[in-house]
Amino acid sequence: MPSRSHPTQRQRRLGIELRKLREAAGLSAQDAGALINIKAYQVSHLEAGRVGITPGRLRTLACNYGCANESFVEALVALADERDKGWWEEYRGSLPPGYLDIAELEDGARKMRTSSSVHIPGLLQTEDHARAIFEEAVQPLPTRELELRLVHRMRRQAVLDHKEPPQLDAIVHEAALRMQFGGRKAALAQLEHLLAVTERDHVRIRVLPFAAGGFPGAGQTVFYAYGAVSQLDTVQLDAAHTTVFLTAEHQLENYRGLFERAERKTLSLKQSRELIHAIAKEA
């Protein structure tokens, strides 16, 4: 397969998992290459996501690595399948790669959890709210790029309209509900939108009130995507100039714990909806 100069997060993740399986089996890159008739340096490229792999070769490696988890192997085969290009590929070369990786991550998730203390989660933002956030970027954005980011963010939300949409559990701090990005009218429309989406069975919003005091992950925006199998879960963190993806098991475990501890400080779903409604009346 041709070499890639800029592998996607999905392609890198496949390579990471194959390397972990190889190392757990105690095999060298040269040993692995001999199993599928490639050189050791090609195995290194494969594990870095720079080249792809066929389903047959992937299953051969998994078998010889001693991986008996068929669900995991088939999930890796699905990761390796590049026949179906997602809509986000339209933006490759126009937007930062992390934006495309997030869209792909959301599209493949079976469940999502997010926590935000200042902004409304991207999948729940109105266009005016999102525009106001982009207009306050650390580095002012050219008009064309701002519009591209805005359209891309709105298109991401279609994942919630799928025939079998993933569950979305969002923890939103009261501060984010009271921030008036875009002005009073835009802020009211955003609150009304949140009330509307809580009518969906697969969207659950829990509010972390000011009265809760400190909370785990304060100041961070955290997104946890549950993969087809638990080994392929991913945490995404926002940063000013980049997008961070975490995949190590101890990191995933830490953030699962963070969400569980944070949720214990939130209002119930009913109380959360009531507070959103009350803030909307004040707006």
# chains A, B, ... in the order shown; residues from 1 in each chain; ligands from 1
>>> closest_atom_pairs(of="region 36-76 of chain A", to="region 215-228 of chain A", cutoff="12 Å", atoms="only C-alpha atoms", output="JSON lines")
{"residue": "A:Ser71", "atom": "CA", "partner": "A:Ala228", "partner_atom": "CA", "distance": 8.6}
{"residue": "A:Phe72", "atom": "CA", "partner": "A:Ala228", "partner_atom": "CA", "distance": 8.3}
{"residue": "A:Val73", "atom": "CA", "partner": "A:Ala228", "partner_atom": "CA", "distance": 10.8}
{"residue": "A:Glu74", "atom": "CA", "partner": "A:Ala228", "partner_atom": "CA", "distance": 9.4}
{"residue": "A:Ala75", "atom": "CA", "partner": "A:Ala228", "partner_atom": "CA", "distance": 6.3}
{"residue": "A:Leu76", "atom": "CA", "partner": "A:Ala228", "partner_atom": "CA", "distance": 9.4}
>>> select_by_dssp(residues="region 215-278 of chain A", states="alpha helix (DSSP H)", output="list in words")
Glu249, His250, Gln251, Leu252, Glu253, Asn254, Tyr255, Arg256, Gly257, Leu258, Phe259, Glu260, Arg261, Ala262, Glu263, Leu269, Lys270, Gln271, Ser272, Arg273, Glu274, Leu275, Ile276, His277 and Ala278 of chain A
>>> write_last_selection(atoms="N, CA and C atoms", output="PDB file, in the first residue's frame")
ATOM      1  N   GLU A 249      -4.489   2.676  28.321  1.00  0.00           N
ATOM      2  CA  GLU A 249      -5.527   2.170  29.209  1.00  0.00           C
ATOM      3  C   GLU A 249      -5.565   2.915  30.542  1.00  0.00           C
ATOM      4  N   HIS A 250      -4.394   3.235  31.114  1.00  0.00           N
ATOM      5  CA  HIS A 250      -4.412   3.929  32.400  1.00  0.00           C
ATOM      6  C   HIS A 250      -4.987   5.338  32.257  1.00  0.00           C
ATOM      7  N   GLN A 251      -4.782   5.974  31.091  1.00  0.00           N
ATOM      8  CA  GLN A 251      -5.368   7.282  30.847  1.00  0.00           C
ATOM      9  C   GLN A 251      -6.880   7.180  30.707  1.00  0.00           C
ATOM     10  N   LEU A 252      -7.335   6.180  29.957  1.00  0.00           N
ATOM     11  CA  LEU A 252      -8.768   5.980  29.786  1.00  0.00           C
ATOM     12  C   LEU A 252      -9.436   5.712  31.129  1.00  0.00           C
ATOM     13  N   GLU A 253      -8.793   4.892  31.949  1.00  0.00           N
ATOM     14  CA  GLU A 253      -9.347   4.575  33.268  1.00  0.00           C
ATOM     15  C   GLU A 253      -9.438   5.826  34.133  1.00  0.00           C
ATOM     16  N   ASN A 254      -8.412   6.674  34.057  1.00  0.00           N
ATOM     17  CA  ASN A 254      -8.426   7.913  34.837  1.00  0.00           C
ATOM     18  C   ASN A 254      -9.598   8.806  34.445  1.00  0.00           C
ATOM     19  N   TYR A 255      -9.848   8.915  33.144  1.00  0.00           N
ATOM     20  CA  TYR A 255     -10.925   9.801  32.701  1.00  0.00           C
ATOM     21  C   TYR A 255     -12.303   9.185  32.898  1.00  0.00           C
ATOM     22  N   ARG A 256     -12.410   7.881  32.864  1.00  0.00           N
ATOM     23  CA  ARG A 256     -13.685   7.256  33.237  1.00  0.00           C
ATOM     24  C   ARG A 256     -13.997   7.584  34.688  1.00  0.00           C
ATOM     25  N   GLY A 257     -12.971   7.514  35.529  1.00  0.00           N
ATOM     26  CA  GLY A 257     -13.155   7.870  36.935  1.00  0.00           C
ATOM     27  C   GLY A 257     -13.506   9.330  37.112  1.00  0.00           C
ATOM     28  N   LEU A 258     -12.885  10.198  36.310  1.00  0.00           N
ATOM     29  CA  LEU A 258     -13.184  11.632  36.375  1.00  0.00           C
ATOM     30  C   LEU A 258     -14.658  11.884  36.088  1.00  0.00           C
ATOM     31  N   PHE A 259     -15.189  11.260  35.060  1.00  0.00           N
ATOM     32  CA  PHE A 259     -16.600  11.458  34.730  1.00  0.00           C
ATOM     33  C   PHE A 259     -17.505  10.942  35.838  1.00  0.00           C
ATOM     34  N   GLU A 260     -17.176   9.801  36.393  1.00  0.00           N
ATOM     35  CA  GLU A 260     -18.006   9.238  37.452  1.00  0.00           C
ATOM     36  C   GLU A 260     -18.023  10.143  38.676  1.00  0.00           C
ATOM     37  N   ARG A 261     -16.855  10.690  39.040  1.00  0.00           N
ATOM     38  CA  ARG A 261     -16.796  11.578  40.207  1.00  0.00           C
ATOM     39  C   ARG A 261     -17.499  12.902  39.930  1.00  0.00           C
ATOM     40  N   ALA A 262     -17.342  13.418  38.699  1.00  0.00           N
ATOM     41  CA  ALA A 262     -18.001  14.671  38.347  1.00  0.00           C
ATOM     42  C   ALA A 262     -19.514  14.516  38.328  1.00  0.00           C
ATOM     43  N   GLU A 263     -19.989  13.382  37.805  1.00  0.00           N
ATOM     44  CA  GLU A 263     -21.439  13.167  37.730  1.00  0.00           C
ATOM     45  C   GLU A 263     -22.074  13.113  39.106  1.00  0.00           C
ATOM     46  N   LEU A 269     -31.196  14.720  36.005  1.00  0.00           N
ATOM     47  CA  LEU A 269     -31.622  15.139  34.678  1.00  0.00           C
ATOM     48  C   LEU A 269     -32.793  16.116  34.776  1.00  0.00           C
ATOM     49  N   LYS A 270     -33.739  15.836  35.636  1.00  0.00           N
ATOM     50  CA  LYS A 270     -34.909  16.709  35.810  1.00  0.00           C
ATOM     51  C   LYS A 270     -34.494  18.059  36.382  1.00  0.00           C
ATOM     52  N   GLN A 271     -33.656  18.034  37.426  1.00  0.00           N
ATOM     53  CA  GLN A 271     -33.193  19.289  38.032  1.00  0.00           C
ATOM     54  C   GLN A 271     -32.346  20.095  37.046  1.00  0.00           C
ATOM     55  N   SER A 272     -31.557  19.401  36.234  1.00  0.00           N
ATOM     56  CA  SER A 272     -30.721  20.079  35.240  1.00  0.00           C
ATOM     57  C   SER A 272     -31.595  20.813  34.231  1.00  0.00           C
ATOM     58  N   ARG A 273     -32.621  20.147  33.766  1.00  0.00           N
ATOM     59  CA  ARG A 273     -33.530  20.770  32.807  1.00  0.00           C
ATOM     60  C   ARG A 273     -34.223  21.981  33.435  1.00  0.00           C
ATOM     61  N   GLU A 274     -34.604  21.853  34.691  1.00  0.00           N
ATOM     62  CA  GLU A 274     -35.276  22.958  35.382  1.00  0.00           C
ATOM     63  C   GLU A 274     -34.353  24.166  35.518  1.00  0.00           C
ATOM     64  N   LEU A 275     -33.062  23.909  35.794  1.00  0.00           N
ATOM     65  CA  LEU A 275     -32.126  25.024  35.930  1.00  0.00           C
ATOM     66  C   LEU A 275     -31.885  25.692  34.574  1.00  0.00           C
ATOM     67  N   ILE A 276     -31.755  24.898  33.517  1.00  0.00           N
ATOM     68  CA  ILE A 276     -31.588  25.479  32.180  1.00  0.00           C
ATOM     69  C   ILE A 276     -32.794  26.364  31.859  1.00  0.00           C
ATOM     70  N   HIS A 277     -33.980  25.879  32.175  1.00  0.00           N
ATOM     71  CA  HIS A 277     -35.208  26.647  31.924  1.00  0.00           C
ATOM     72  C   HIS A 277     -35.213  27.938  32.741  1.00  0.00           C
ATOM     73  N   ALA A 278     -34.773  27.877  33.999  1.00  0.00           N
ATOM     74  CA  ALA A 278     -34.753  29.058  34.850  1.00  0.00           C
ATOM     75  C   ALA A 278     -33.765  30.094  34.328  1.00  0.00           C
TER      76      ALA A 278
END
>>> residues_around(residues="region 41-45 of chain A", least_positions_apart="5", cutoff="12 Å", atoms="only C-alpha atoms", output="number ranges by chain")
A: 1-7, 11-12, 14-16, 18-19, 22, 27-36, 50-53, 57-58, 61
>>> write_last_selection(atoms="C-alpha atoms", output="mmCIF file, in the first residue's frame")
data_model
loop_
_atom_site.group_PDB
_atom_site.id
_atom_site.type_symbol
_atom_site.label_atom_id
_atom_site.label_comp_id
_atom_site.auth_asym_id
_atom_site.auth_seq_id
_atom_site.Cartn_x
_atom_site.Cartn_y
_atom_site.Cartn_z
ATOM 1 C CA MET A 1 0.000 0.000 0.000
ATOM 2 C CA PRO A 2 1.213 3.592 -0.652
ATOM 3 C CA SER A 3 2.884 5.457 2.169
ATOM 4 C CA ARG A 4 1.048 8.288 3.956
ATOM 5 C CA SER A 5 2.850 11.432 5.000
ATOM 6 C CA HIS A 6 0.099 12.508 7.409
ATOM 7 C CA PRO A 7 -1.789 9.519 8.881
ATOM 8 C CA GLN A 11 -4.781 5.113 11.136
ATOM 9 C CA ARG A 12 -2.353 5.899 13.957
ATOM 10 C CA LEU A 14 -4.643 0.964 14.368
ATOM 11 C CA GLY A 15 -0.853 1.012 14.297
ATOM 12 C CA ILE A 16 -0.648 1.598 18.045
ATOM 13 C CA LEU A 18 -0.912 -3.662 16.408
ATOM 14 C CA ARG A 19 2.354 -2.631 18.059
ATOM 15 C CA ARG A 22 3.214 -7.538 18.890
ATOM 16 C CA LEU A 27 7.998 -10.577 18.859
ATOM 17 C CA SER A 28 10.344 -8.207 17.045
ATOM 18 C CA ALA A 29 9.392 -6.150 13.994
ATOM 19 C CA GLN A 30 11.486 -8.558 11.964
ATOM 20 C CA ASP A 31 9.527 -11.526 13.358
ATOM 21 C CA ALA A 32 6.237 -9.808 12.521
ATOM 22 C CA GLY A 33 7.387 -8.961 9.009
ATOM 23 C CA ALA A 34 8.281 -12.570 8.334
ATOM 24 C CA LEU A 35 4.707 -13.598 9.162
ATOM 25 C CA ILE A 36 3.241 -11.506 6.319
ATOM 26 C CA ARG A 50 2.053 5.427 7.554
ATOM 27 C CA VAL A 51 0.871 2.405 5.541
ATOM 28 C CA GLY A 52 -2.296 0.342 5.613
ATOM 29 C CA ILE A 53 -2.876 -3.382 5.950
ATOM 30 C CA ARG A 57 -2.689 -9.846 6.841
ATOM 31 C CA LEU A 58 -4.168 -8.204 9.920
ATOM 32 C CA LEU A 61 -0.740 -11.010 12.651
#
>>> residues_around(residues="Glu136 (chain A)", least_positions_apart="4", cutoff="12 Å", atoms="only C-alpha atoms", output="count of residues only")
10
>>> closest_residue(among="A:Arg110, A:Lys281, A:Arg13, A:His152", to="Asp169 (chain A)", atoms="only C-alpha atoms")
A:Arg110
